[in-house]
file protein-v8.txt (compact mmCIF, C-alpha atoms and all ligand atoms)
# COMPACT_ATOMS: atom_id res chain seq x y z
CA MET F 1 93.48 64.28 80.91
CA LYS F 2 94.15 67.94 80.12
CA LYS F 3 95.30 69.83 83.19
CA HIS F 4 94.17 73.40 83.71
CA ASN F 5 96.97 75.18 85.56
CA PHE F 6 95.60 77.75 88.03
CA PHE F 7 98.70 77.90 90.26
CA ALA F 8 99.55 81.34 91.67
CA GLY F 9 103.29 81.07 91.09
CA PRO F 10 105.30 79.50 89.68
CA SER F 11 102.49 79.34 87.23
CA ILE F 12 101.31 78.68 83.72
CA LEU F 13 103.57 79.64 80.82
CA SER F 14 102.62 79.79 77.16
CA GLU F 15 102.99 76.61 75.12
CA TYR F 16 105.31 78.65 72.91
CA THR F 17 107.58 79.31 75.91
CA ILE F 18 107.60 75.68 77.02
CA LYS F 19 108.18 74.29 73.53
CA ASN F 20 111.05 76.62 72.66
CA SER F 21 112.64 76.27 76.09
CA ALA F 22 112.52 72.50 75.85
CA ALA F 23 114.10 72.64 72.39
CA ALA F 24 116.90 74.88 73.70
CA VAL F 25 117.60 72.47 76.54
CA ALA F 26 118.39 69.94 73.81
CA ASP F 27 120.17 72.31 71.40
CA PHE F 28 120.57 76.03 71.96
CA ALA F 29 120.64 78.24 68.86
CA GLY F 30 122.33 75.57 66.74
CA THR F 31 125.38 75.50 69.03
CA GLY F 32 125.11 71.75 69.56
CA LEU F 33 125.05 72.53 73.29
CA SER F 34 122.22 72.79 75.80
CA ILE F 35 121.15 76.24 77.03
CA LEU F 36 121.88 74.74 80.47
CA GLU F 37 125.59 74.37 79.74
CA VAL F 38 126.65 77.39 77.68
CA SER F 39 128.69 80.40 78.74
CA HIS F 40 126.68 83.50 79.49
CA ARG F 41 129.48 85.40 77.71
CA GLY F 42 128.95 83.57 74.43
CA LYS F 43 127.53 85.64 71.58
CA GLU F 44 124.39 83.51 71.36
CA PHE F 45 123.36 84.18 74.94
CA ILE F 46 124.38 87.83 74.86
CA ALA F 47 121.96 88.15 71.93
CA VAL F 48 119.21 86.53 74.03
CA ASN F 49 119.84 88.86 76.96
CA ASP F 50 119.90 91.95 74.76
CA GLU F 51 116.81 90.96 72.82
CA ALA F 52 114.85 90.21 76.00
CA ARG F 53 115.72 93.60 77.51
CA ALA F 54 114.86 95.36 74.25
CA LEU F 55 111.51 93.55 74.01
CA VAL F 56 110.59 94.54 77.56
CA LYS F 57 111.21 98.16 76.53
CA GLU F 58 109.20 97.76 73.35
CA LEU F 59 106.22 95.95 74.88
CA LEU F 60 105.90 98.33 77.82
CA ASP F 61 106.72 101.36 75.68
CA ILE F 62 109.48 102.37 78.10
CA PRO F 63 110.74 105.90 77.45
CA ALA F 64 114.39 106.95 77.20
CA GLY F 65 116.23 107.32 80.49
CA TYR F 66 115.27 103.90 81.81
CA ASP F 67 117.24 100.68 82.07
CA VAL F 68 116.02 97.10 82.19
CA VAL F 69 117.98 94.51 84.15
CA PHE F 70 117.44 90.85 85.04
CA LEU F 71 118.53 90.10 88.60
CA GLY F 72 118.58 87.14 90.95
CA GLY F 73 117.13 87.00 94.45
CA GLY F 74 113.45 87.14 93.61
CA ALA F 75 111.06 90.02 94.11
CA SER F 76 111.80 89.66 97.82
CA LEU F 77 115.35 90.94 97.33
CA GLN F 78 113.89 94.09 95.78
CA PHE F 79 112.15 94.75 99.11
CA CYS F 80 115.63 95.64 100.42
CA MET F 81 117.33 96.82 97.21
CA VAL F 82 114.76 99.57 96.68
CA PRO F 83 115.33 101.31 100.03
CA TYR F 84 119.06 100.59 99.89
CA ASN F 85 119.29 102.58 96.65
CA LEU F 86 116.50 105.14 97.09
CA LEU F 87 115.62 105.80 100.72
CA LYS F 88 117.44 108.84 102.11
CA LYS F 89 115.25 109.74 105.06
CA LYS F 90 111.63 108.71 104.64
CA ALA F 91 109.55 106.57 102.32
CA SER F 92 105.79 106.04 102.06
CA TYR F 93 104.26 102.58 101.64
CA LEU F 94 100.74 101.35 100.99
CA ASP F 95 99.98 98.17 102.93
CA THR F 96 97.70 96.03 100.77
CA GLY F 97 98.84 92.54 101.66
CA THR F 98 101.53 90.09 102.67
CA TRP F 99 104.02 91.18 100.01
CA ALA F 100 103.49 94.86 100.74
CA SER F 101 104.03 94.29 104.45
CA ASN F 102 107.19 92.28 103.74
CA ALA F 103 108.46 95.26 101.72
CA ILE F 104 107.62 97.61 104.60
CA LYS F 105 109.57 95.47 107.05
CA GLU F 106 112.73 95.71 104.94
CA ALA F 107 112.39 99.46 104.31
CA LYS F 108 112.33 100.09 108.06
CA LEU F 109 115.94 98.91 108.19
CA PHE F 110 116.92 101.93 106.11
CA GLY F 111 114.93 104.88 107.43
CA GLU F 112 111.57 106.20 108.42
CA VAL F 113 108.60 104.44 106.85
CA ASP F 114 105.21 106.10 106.63
CA VAL F 115 102.54 103.47 106.07
CA VAL F 116 99.97 105.76 104.45
CA ALA F 117 97.10 103.29 104.71
CA SER F 118 96.45 99.61 105.37
CA SER F 119 93.58 97.20 104.88
CA LYS F 120 95.14 94.64 107.22
CA GLU F 121 92.29 94.91 109.76
CA ALA F 122 89.91 93.70 107.04
CA ASN F 123 92.26 90.87 106.04
CA TYR F 124 93.25 92.91 102.98
CA THR F 125 89.89 92.56 101.27
CA PHE F 126 90.12 96.02 99.69
CA ILE F 127 92.57 98.63 98.44
CA PRO F 128 92.65 101.68 100.73
CA LYS F 129 91.81 104.95 98.97
CA GLY F 130 91.96 108.63 99.79
CA TYR F 131 95.32 108.40 101.58
CA GLN F 132 97.81 111.24 101.68
CA VAL F 133 101.43 110.90 100.63
CA ASP F 134 103.83 113.48 102.05
CA GLY F 135 105.56 115.49 99.34
CA ASP F 136 108.86 115.10 101.20
CA SER F 137 108.85 111.31 100.96
CA ASP F 138 111.71 109.86 98.93
CA TYR F 139 109.24 107.57 97.17
CA PHE F 140 105.87 105.86 97.40
CA HIS F 141 105.86 102.07 97.20
CA PHE F 142 102.84 99.94 96.36
CA THR F 143 101.98 96.44 95.16
CA SER F 144 99.86 96.66 92.03
CA ASN F 145 98.41 93.17 92.38
CA ASN F 146 98.01 91.35 95.67
CA THR F 147 98.56 87.78 94.59
CA ILE F 148 97.42 86.21 97.86
CA PHE F 149 94.30 88.30 98.52
CA GLY F 150 93.10 88.93 94.97
CA THR F 151 92.97 92.73 94.88
CA GLU F 152 94.55 94.89 92.21
CA MET F 153 95.27 98.53 91.42
CA ARG F 154 94.80 98.64 87.67
CA TYR F 155 95.94 102.23 87.29
CA ASP F 156 99.11 104.25 87.64
CA PRO F 157 98.65 106.59 90.61
CA ASP F 158 99.27 110.33 90.28
CA LEU F 159 101.35 111.33 93.28
CA PRO F 160 103.83 114.13 93.97
CA VAL F 161 106.72 111.76 94.75
CA ARG F 162 108.73 109.05 93.00
CA LEU F 163 106.72 105.86 92.42
CA VAL F 164 108.05 102.36 93.07
CA CYS F 165 105.89 99.36 92.29
CA ASP F 166 106.01 95.63 92.91
CA MET F 167 104.31 94.35 89.73
CA SER F 168 105.33 90.73 90.25
CA SER F 169 101.94 89.26 89.53
CA ASP F 170 100.45 91.64 86.99
CA ILE F 171 103.30 92.96 84.89
CA PHE F 172 102.49 92.67 81.17
CA SER F 173 98.80 92.18 81.99
CA ARG F 174 97.90 95.74 81.03
CA PRO F 175 99.66 98.73 79.44
CA VAL F 176 101.47 100.80 82.08
CA ASP F 177 102.60 104.42 81.92
CA VAL F 178 106.21 103.67 82.86
CA SER F 179 107.11 107.36 82.79
CA LYS F 180 105.28 107.75 86.11
CA TYR F 181 107.54 105.26 87.87
CA ASP F 182 111.13 105.30 89.09
CA ILE F 183 111.36 101.58 89.75
CA ILE F 184 109.14 98.72 88.66
CA TYR F 185 110.11 95.21 89.68
CA ALA F 186 108.62 91.80 89.09
CA GLY F 187 109.63 88.27 89.97
CA ALA F 188 109.38 86.28 86.75
CA GLN F 189 107.40 83.30 87.97
CA LYS F 190 103.92 84.81 87.57
CA ASN F 191 103.74 86.30 84.09
CA LEU F 192 107.10 85.78 82.43
CA ALA F 193 109.33 82.78 83.07
CA PRO F 194 110.25 80.00 85.46
CA ALA F 195 111.43 81.14 88.90
CA GLY F 196 114.96 82.45 89.24
CA VAL F 197 114.98 85.86 87.61
CA THR F 198 113.52 89.22 88.55
CA LEU F 199 112.82 91.96 86.04
CA VAL F 200 113.72 95.45 87.24
CA ILE F 201 113.01 98.66 85.34
CA VAL F 202 114.95 101.63 86.72
CA ARG F 203 114.86 105.32 85.92
CA GLU F 204 118.54 106.27 85.76
CA GLU F 205 117.89 109.66 87.31
CA ALA F 206 116.53 108.01 90.48
CA LEU F 207 119.93 106.58 91.37
CA GLY F 208 122.90 108.17 93.11
CA HIS F 209 121.03 110.26 95.67
CA VAL F 210 121.73 108.25 98.84
CA ASP F 211 124.90 108.70 100.89
CA ARG F 212 125.21 105.21 102.33
CA PRO F 213 127.67 102.78 100.76
CA ILE F 214 125.81 100.12 98.79
CA PRO F 215 127.25 96.60 98.43
CA THR F 216 128.23 95.99 94.81
CA MET F 217 125.64 93.32 94.06
CA LEU F 218 122.82 95.33 95.68
CA ASN F 219 123.59 98.47 93.74
CA TYR F 220 121.38 98.88 90.67
CA ALA F 221 124.13 100.93 89.03
CA THR F 222 126.43 97.88 89.02
CA HIS F 223 124.03 95.86 86.92
CA ILE F 224 123.02 98.71 84.63
CA LYS F 225 126.63 99.57 83.85
CA LYS F 226 127.31 95.98 82.77
CA ASP F 227 124.16 95.56 80.65
CA SER F 228 122.74 93.15 83.23
CA MET F 229 125.82 90.91 82.95
CA PHE F 230 127.90 91.96 85.96
CA ASN F 231 127.95 88.38 87.17
CA THR F 232 126.44 85.17 85.82
CA PRO F 233 122.77 85.90 85.19
CA PRO F 234 120.02 83.27 85.45
CA VAL F 235 120.64 82.06 81.91
CA PHE F 236 117.79 79.62 81.43
CA PRO F 237 115.01 81.75 83.01
CA ILE F 238 116.13 84.68 80.83
CA PHE F 239 115.94 82.47 77.75
CA ALA F 240 112.43 81.40 78.73
CA ALA F 241 111.48 85.03 79.45
CA LEU F 242 112.50 85.96 75.92
CA GLN F 243 110.16 83.30 74.54
CA THR F 244 107.25 84.67 76.57
CA LEU F 245 108.03 88.22 75.45
CA LYS F 246 108.11 87.11 71.81
CA TRP F 247 104.80 85.37 72.30
CA TYR F 248 103.27 88.53 73.80
CA LYS F 249 104.42 90.48 70.78
CA GLU F 250 103.08 87.90 68.36
CA GLN F 251 99.74 87.90 70.17
CA GLY F 252 99.32 91.63 69.61
CA GLY F 253 101.24 93.03 72.57
CA ILE F 254 100.15 94.07 76.02
CA ALA F 255 96.91 95.79 74.99
CA ALA F 256 95.77 92.48 73.48
CA MET F 257 96.73 90.70 76.71
CA GLU F 258 94.69 93.17 78.73
CA LYS F 259 91.62 92.68 76.55
CA ARG F 260 91.79 88.92 77.06
CA ASN F 261 92.47 89.25 80.77
CA ILE F 262 89.39 91.44 81.21
CA GLU F 263 87.25 88.86 79.37
CA LYS F 264 88.62 85.87 81.28
CA ALA F 265 88.19 87.47 84.70
CA ALA F 266 84.72 88.81 83.87
CA ILE F 267 83.25 85.41 83.02
CA LEU F 268 84.68 83.83 86.17
CA TYR F 269 83.54 86.62 88.50
CA ASP F 270 80.11 86.50 86.86
CA GLU F 271 79.88 82.81 87.70
CA ILE F 272 81.05 83.37 91.28
CA ASP F 273 78.35 86.04 91.69
CA ARG F 274 75.67 83.92 90.01
CA ASN F 275 76.39 80.51 91.56
CA ARG F 276 74.66 80.21 94.95
CA LEU F 277 77.39 77.89 96.28
CA PHE F 278 80.19 80.47 96.03
CA ARG F 279 81.02 84.05 96.90
CA GLY F 280 83.90 86.40 96.18
CA THR F 281 86.14 87.54 99.03
CA VAL F 282 87.10 91.12 98.09
CA THR F 283 85.44 94.45 97.34
CA VAL F 284 84.07 94.25 93.81
CA GLU F 285 85.80 97.40 92.52
CA ASP F 286 89.21 96.11 93.66
CA ARG F 287 88.92 92.62 92.16
CA SER F 288 92.11 91.35 90.57
CA LEU F 289 92.12 90.16 86.97
CA MET F 290 95.06 87.89 87.78
CA ASN F 291 94.11 86.11 91.00
CA VAL F 292 90.43 85.38 91.48
CA CYS F 293 89.73 84.49 95.12
CA PHE F 294 86.46 82.91 96.19
CA VAL F 295 85.06 80.78 98.99
CA MET F 296 81.98 78.64 99.55
CA ALA F 297 78.92 80.68 100.49
CA ASP F 298 78.27 80.55 104.25
CA GLU F 299 75.48 77.95 104.01
CA TYR F 300 77.71 75.63 101.95
CA LYS F 301 80.94 75.90 103.98
CA GLU F 302 81.06 72.16 104.58
CA LEU F 303 81.32 71.54 100.81
CA GLU F 304 84.76 73.13 100.45
CA ALA F 305 86.80 69.93 100.47
CA ASP F 306 84.24 68.26 98.18
CA PHE F 307 84.49 71.00 95.60
CA GLY F 308 88.28 70.85 95.77
CA ALA F 309 88.19 67.14 95.01
CA PHE F 310 85.50 67.57 92.33
CA ALA F 311 87.56 70.24 90.56
CA ALA F 312 90.75 68.18 90.80
CA ALA F 313 88.94 65.25 89.21
CA ALA F 314 87.99 67.56 86.33
CA GLY F 315 91.65 68.47 85.76
CA MET F 316 91.78 71.76 87.70
CA VAL F 317 95.19 72.20 89.31
CA GLY F 318 96.32 74.81 91.84
CA ILE F 319 92.97 76.32 92.82
CA LYS F 320 93.37 75.91 96.57
CA GLY F 321 93.36 79.35 98.19
CA HIS F 322 96.32 80.67 100.16
CA ARG F 323 96.15 79.65 103.82
CA SER F 324 95.60 83.27 104.91
CA VAL F 325 92.36 83.48 102.88
CA GLY F 326 91.18 79.87 102.58
CA GLY F 327 88.73 78.71 99.94
CA PHE F 328 89.90 78.93 96.36
CA ARG F 329 92.10 81.05 94.15
CA ALA F 330 92.17 80.73 90.39
CA SER F 331 95.14 82.53 88.90
CA LEU F 332 94.42 83.68 85.34
CA TYR F 333 97.79 84.91 84.15
CA ASN F 334 98.39 85.97 80.54
CA ALA F 335 99.20 82.45 79.37
CA MET F 336 95.93 81.02 80.72
CA PRO F 337 93.61 80.29 77.80
CA LYS F 338 89.97 81.31 78.05
CA SER F 339 89.06 77.65 77.47
CA SER F 340 90.58 76.74 80.86
CA VAL F 341 88.53 79.43 82.58
CA GLU F 342 85.46 78.08 80.81
CA ALA F 343 86.34 74.58 82.03
CA LEU F 344 86.49 75.84 85.62
CA ILE F 345 83.15 77.58 85.21
CA ALA F 346 81.59 74.39 83.80
CA THR F 347 82.95 72.54 86.84
CA MET F 348 81.35 75.07 89.20
CA LYS F 349 78.02 74.73 87.39
CA ALA F 350 78.18 70.95 87.47
CA PHE F 351 78.93 71.00 91.20
CA GLU F 352 76.00 73.34 91.77
CA LYS F 353 73.65 70.87 90.01
CA GLN F 354 74.69 68.15 92.47
CA HIS F 355 73.80 70.28 95.52
C1 LIG F 401 105.28 86.13 94.34
C2 LIG F 401 105.36 87.56 94.77
C3 LIG F 401 106.48 88.06 95.48
C4 LIG F 401 107.61 87.20 95.93
O1 LIG F 401 108.40 86.84 94.90
P1 LIG F 401 109.76 86.00 95.15
O2 LIG F 401 110.32 85.98 93.77
O3 LIG F 401 109.35 84.67 95.66
O4 LIG F 401 110.59 86.75 96.11
C5 LIG F 401 106.49 89.40 95.78
N1 LIG F 401 105.49 90.22 95.44
C6 LIG F 401 104.40 89.77 94.76
C7 LIG F 401 103.31 90.72 94.40
C8 LIG F 401 104.32 88.43 94.42
O5 LIG F 401 103.24 87.98 93.76

call {"tool": "encode", "arguments": {"input": "protein-v8.txt", "output": "structure tokens"}}
result
Amino acid sequence: MKKHNFFAGPSILSEYTIKNSAAAVADFAGTGLSILEVSHRGKEFIAVNDEARALVKELLDIPAGYDVVFLGGGASLQFCMVPYNLLKKKASYLDTGTWASNAIKEAKLFGEVDVVASSKEANYTFIPKGYQVDGDSDYFHFTSNNTIFGTEMRYDPDLPVRLVCDMSSDIFSRPVDVSKYDIIYAGAQKNLAPAGVTLVIVREEALGHVDRPIPTMLNYATHIKKDSMFNTPPVFPIFAALQTLKWYKEQGGIAAMEKRNIEKAAILYDEIDRNRLFRGTVTVEDRSLMNVCFVMADEYKELEADFGAFAAAAGMVGIKGHRSVGGFRASLYNAMPKSSVEALIATMKAFEKQH
């Protein structure tokens, strides 16, 4: 039976990515060797690394003065690398969920942290608005998409300080004005590649302002200077990332992705709002296009396990909600076809008929 992959991360990749990655595991670029066993210093892989970084710049329309590097350690390592490299005295953070609060915890090791607003008291069901960011903050950090709670900031804020954003779960889902940001980072396993690589976009001018010594591997400048090849990079995830980036380009680029993402999310949210068995969990205006969270309506709470089993029997995989929200979460990343969203909606309608 066809499986519909709604996992939040690692998550669905395009068939193009899977097919080409599988082929390269057997024979990489006609070398007669597997991508899993080649030197990262060979000309074939250097070409992959360079092309992937160039395609990131092209797809996101990144202006001059920025570098793109692929690092290890996951998005979680960026929670400490950002303040290590950027925080002189004080930084401002917006607390919109688990990942944001993990980032705040790390930043506190490096200086004063001003949490400008938080929706924690409401279990992160909305994005705080109307907060003030001090002009003397070294930067403002936010999480554009809250993977666990299903809220998203689908805009690039206008603030008087440097912007740093964790875009792990919505990078490439909409065009972004990169010129507003000093650092954008994203773990690959949501919208780009298998786990193991993190994409970091850095404005060169943002570096070199802190006095503290920075360990070599945690210094962005180290990786930029060596074209993201200071040490052995995650070779296979970078190869897979390149396939996804090529697929994005072939599909019409990021604007085309956004158009599809808006359509996919709209039909699912419409069904959640229409179907008496279900309800959404977050403020409507802050609903994420990437992670659609919903629960059983109060009168149907006891049907939760039944719906989970019913959906699994219909081929839906990975729709169980995160334990801090409960219910269900359907992740609709770029590679998710509309037909899978339609299959989930048909399943919800069929379940409604039975009750
Ligand atoms: C998944 C995720 C992370 C954590 O990524 P790791 O690569 O596991 O460290 C951080 N932030 C967001 C928004 C995420 O979705």

call {"tool": "residues_near_ligand", "arguments": {"input": "protein-v8.txt", "ligand": "ligand LIG 401 (chain F)", "cutoff": "9 Å", "atoms": "only C-alpha atoms and all ligand atoms", "output": "PyMOL selection string"}}
result
chain F and resi 8-10+72-79+97-100+102-103+143-148+166-170+185-190+195-198

call {"tool": "residues_around", "arguments": {"input": "protein-v8.txt", "residues": "Ala206 in chain F", "least_positions_apart": "2", "cutoff": "9 Å", "atoms": "only C-alpha atoms", "output": "count of residues only"}}
result
10

call {"tool": "closest_residue", "arguments": {"input": "protein-v8.txt", "among": "F:Arg329, F:Lys19, F:Lys43, F:Lys225", "to": "Asn5 in chain F", "atoms": "all atoms listed in the file"}}
result
F:Arg329

call {"tool": "atom_distance", "arguments": {"input": "protein-v8.txt", "atom1": "CA of Cys80 in chain F", "atom2": "CA of Pro215 in chain F"}}
result
11.8 Å

call {"tool": "residues_around", "arguments": {"input": "protein-v8.txt", "residues": "range 106-110 of chain F", "least_positions_apart": "4", "cutoff": "9 Å", "atoms": "only C-alpha atoms", "output": "ChimeraX atom specification"}}
result
/F:79-80,82-84,87-91,101-102

call {"tool": "closest_residue", "arguments": {"input": "protein-v8.txt", "among": "F:Thr283, F:Ser119, F:Asn191, F:Ser173", "to": "Thr17 in chain F", "atoms": "all atoms listed in the file"}}
result
F:Asn191

call {"tool": "closest_residue", "arguments": {"input": "protein-v8.txt", "among": "F:His4, F:Thr222, F:Ile171, F:Tyr155", "to": "Ile345 in chain F", "atoms": "all atoms listed in the file"}}
result
F:His4

call {"tool": "atom_distance", "arguments": {"input": "protein-v8.txt", "atom1": "CA of Tyr181 in chain F", "atom2": "CA of Leu55 in chain F"}}
result
18.6 Å

call {"tool": "residues_around", "arguments": {"input": "protein-v8.txt", "residues": "Asn231 in chain F", "least_positions_apart": "2", "cutoff": "10 Å", "atoms": "all atoms listed in the file", "output": "list of chain:residue names"}}
result
F:His40, F:Leu71, F:Met217, F:Thr222, F:His223, F:Lys226, F:Ser228, F:Met229, F:Pro233, F:Pro234

call {"tool": "closest_residue", "arguments": {"input": "protein-v8.txt", "among": "F:Val292, F:Val178, F:Ile127, F:Leu332", "to": "Pro63 in chain F", "atoms": "only C-alpha atoms"}}
result
F:Val178

call {"tool": "closest_residue", "arguments": {"input": "protein-v8.txt", "among": "F:Arg174, F:Arg154, F:Arg53, F:Lys3", "to": "Ser339 in chain F", "atoms": "only C-alpha atoms"}}
result
F:Lys3

call {"tool": "atom_distance", "arguments": {"input": "protein-v8.txt", "atom1": "CA of Phe45 in chain F", "atom2": "CA of Val68 in chain F"}}
result
16.5 Å

call {"tool": "residues_around", "arguments": {"input": "protein-v8.txt", "residues": "Asn49 in chain F", "least_positions_apart": "6", "cutoff": "8 Å", "atoms": "only C-alpha atoms", "output": "list in words"}}
result
Ile238, Phe239 and Leu242 of chain F

call {"tool": "closest_residue", "arguments": {"input": "protein-v8.txt", "among": "F:Ile201, F:Ala343, F:Met348, F:Val317", "to": "Arg276 in chain F", "atoms": "only C-alpha atoms"}}
result
F:Met348

call {"tool": "residues_around", "arguments": {"input": "protein-v8.txt", "residues": "Leu344 in chain F", "least_positions_apart": "4", "cutoff": "12 Å", "atoms": "all atoms listed in the file", "output": "VMD selection string"}}
result
chain F and resid 3 to 6 264 to 265 267 to 269 271 to 272 292 307 to 308 310 to 319 328 to 332 336 to 340 348 to 351

call {"tool": "axis_aligned_box", "arguments": {"input": "protein-v8.txt", "around": "range 222-235 of chain F", "padding_each_side": "8 Å", "output": "AutoDock Vina command-line options"}}
result
--center_x 124.0 --center_y 90.8 --center_z 84.8 --size_x 23.9 --size_y 33.5 --size_z 24.4

call {"tool": "build_atoms", "arguments": {"input": "protein-v8.txt", "residues": "range 159-177 of chain F", "atoms": "N, CA and C atoms", "output": "PDB file, in the frame of the given file"}}
result
ATOM      1  N   LEU F 159     100.929 110.879  91.955  1.00  0.00           N
ATOM      2  CA  LEU F 159     101.350 111.330  93.280  1.00  0.00           C
ATOM      3  C   LEU F 159     102.552 112.265  93.117  1.00  0.00           C
ATOM      4  N   PRO F 160     102.776 113.115  94.126  1.00  0.00           N
ATOM      5  CA  PRO F 160     103.830 114.130  93.970  1.00  0.00           C
ATOM      6  C   PRO F 160     105.234 113.609  94.261  1.00  0.00           C
ATOM      7  N   VAL F 161     105.389 112.310  94.433  1.00  0.00           N
ATOM      8  CA  VAL F 161     106.720 111.760  94.750  1.00  0.00           C
ATOM      9  C   VAL F 161     107.069 110.644  93.774  1.00  0.00           C
ATOM     10  N   ARG F 162     108.300 110.156  93.861  1.00  0.00           N
ATOM     11  CA  ARG F 162     108.730 109.050  93.000  1.00  0.00           C
ATOM     12  C   ARG F 162     107.851 107.828  93.285  1.00  0.00           C
ATOM     13  N   LEU F 163     107.545 107.072  92.248  1.00  0.00           N
ATOM     14  CA  LEU F 163     106.720 105.860  92.420  1.00  0.00           C
ATOM     15  C   LEU F 163     107.579 104.611  92.254  1.00  0.00           C
ATOM     16  N   VAL F 164     107.392 103.665  93.163  1.00  0.00           N
ATOM     17  CA  VAL F 164     108.050 102.360  93.070  1.00  0.00           C
ATOM     18  C   VAL F 164     106.951 101.310  93.167  1.00  0.00           C
ATOM     19  N   CYS F 165     106.971 100.340  92.269  1.00  0.00           N
ATOM     20  CA  CYS F 165     105.890  99.360  92.290  1.00  0.00           C
ATOM     21  C   CYS F 165     106.392  97.926  92.166  1.00  0.00           C
ATOM     22  N   ASP F 166     105.829  97.078  93.024  1.00  0.00           N
ATOM     23  CA  ASP F 166     106.010  95.630  92.910  1.00  0.00           C
ATOM     24  C   ASP F 166     104.913  95.126  91.969  1.00  0.00           C
ATOM     25  N   MET F 167     105.281  94.844  90.722  1.00  0.00           N
ATOM     26  CA  MET F 167     104.310  94.350  89.730  1.00  0.00           C
ATOM     27  C   MET F 167     104.499  92.861  89.462  1.00  0.00           C
ATOM     28  N   SER F 168     104.984  92.142  90.472  1.00  0.00           N
ATOM     29  CA  SER F 168     105.330  90.730  90.250  1.00  0.00           C
ATOM     30  C   SER F 168     104.220  89.927  89.588  1.00  0.00           C
ATOM     31  N   SER F 169     102.988  90.158  90.018  1.00  0.00           N
ATOM     32  CA  SER F 169     101.940  89.260  89.530  1.00  0.00           C
ATOM     33  C   SER F 169     100.990  89.906  88.534  1.00  0.00           C
ATOM     34  N   ASP F 170     101.286  91.133  88.087  1.00  0.00           N
ATOM     35  CA  ASP F 170     100.450  91.640  86.990  1.00  0.00           C
ATOM     36  C   ASP F 170     101.221  92.404  85.917  1.00  0.00           C
ATOM     37  N   ILE F 171     102.547  92.316  85.965  1.00  0.00           N
ATOM     38  CA  ILE F 171     103.300  92.960  84.890  1.00  0.00           C
ATOM     39  C   ILE F 171     102.912  92.321  83.562  1.00  0.00           C
ATOM     40  N   PHE F 172     102.864  93.114  82.526  1.00  0.00           N
ATOM     41  CA  PHE F 172     102.490  92.670  81.170  1.00  0.00           C
ATOM     42  C   PHE F 172     101.010  92.296  81.042  1.00  0.00           C
ATOM     43  N   SER F 173     100.225  92.521  82.101  1.00  0.00           N
ATOM     44  CA  SER F 173      98.800  92.180  81.990  1.00  0.00           C
ATOM     45  C   SER F 173      97.989  93.362  81.492  1.00  0.00           C
ATOM     46  N   ARG F 174      98.581  94.550  81.542  1.00  0.00           N
ATOM     47  CA  ARG F 174      97.900  95.740  81.030  1.00  0.00           C
ATOM     48  C   ARG F 174      98.973  96.763  80.654  1.00  0.00           C
ATOM     49  N   PRO F 175      98.678  97.676  79.743  1.00  0.00           N
ATOM     50  CA  PRO F 175      99.660  98.730  79.440  1.00  0.00           C
ATOM     51  C   PRO F 175      99.879  99.590  80.685  1.00  0.00           C
ATOM     52  N   VAL F 176     101.119 100.004  80.895  1.00  0.00           N
ATOM     53  CA  VAL F 176     101.470 100.800  82.080  1.00  0.00           C
ATOM     54  C   VAL F 176     102.168 102.064  81.593  1.00  0.00           C
ATOM     55  N   ASP F 177     101.897 103.181  82.246  1.00  0.00           N
ATOM     56  CA  ASP F 177     102.600 104.420  81.920  1.00  0.00           C
ATOM     57  C   ASP F 177     103.917 104.438  82.715  1.00  0.00           C
TER      58      ASP F 177
END
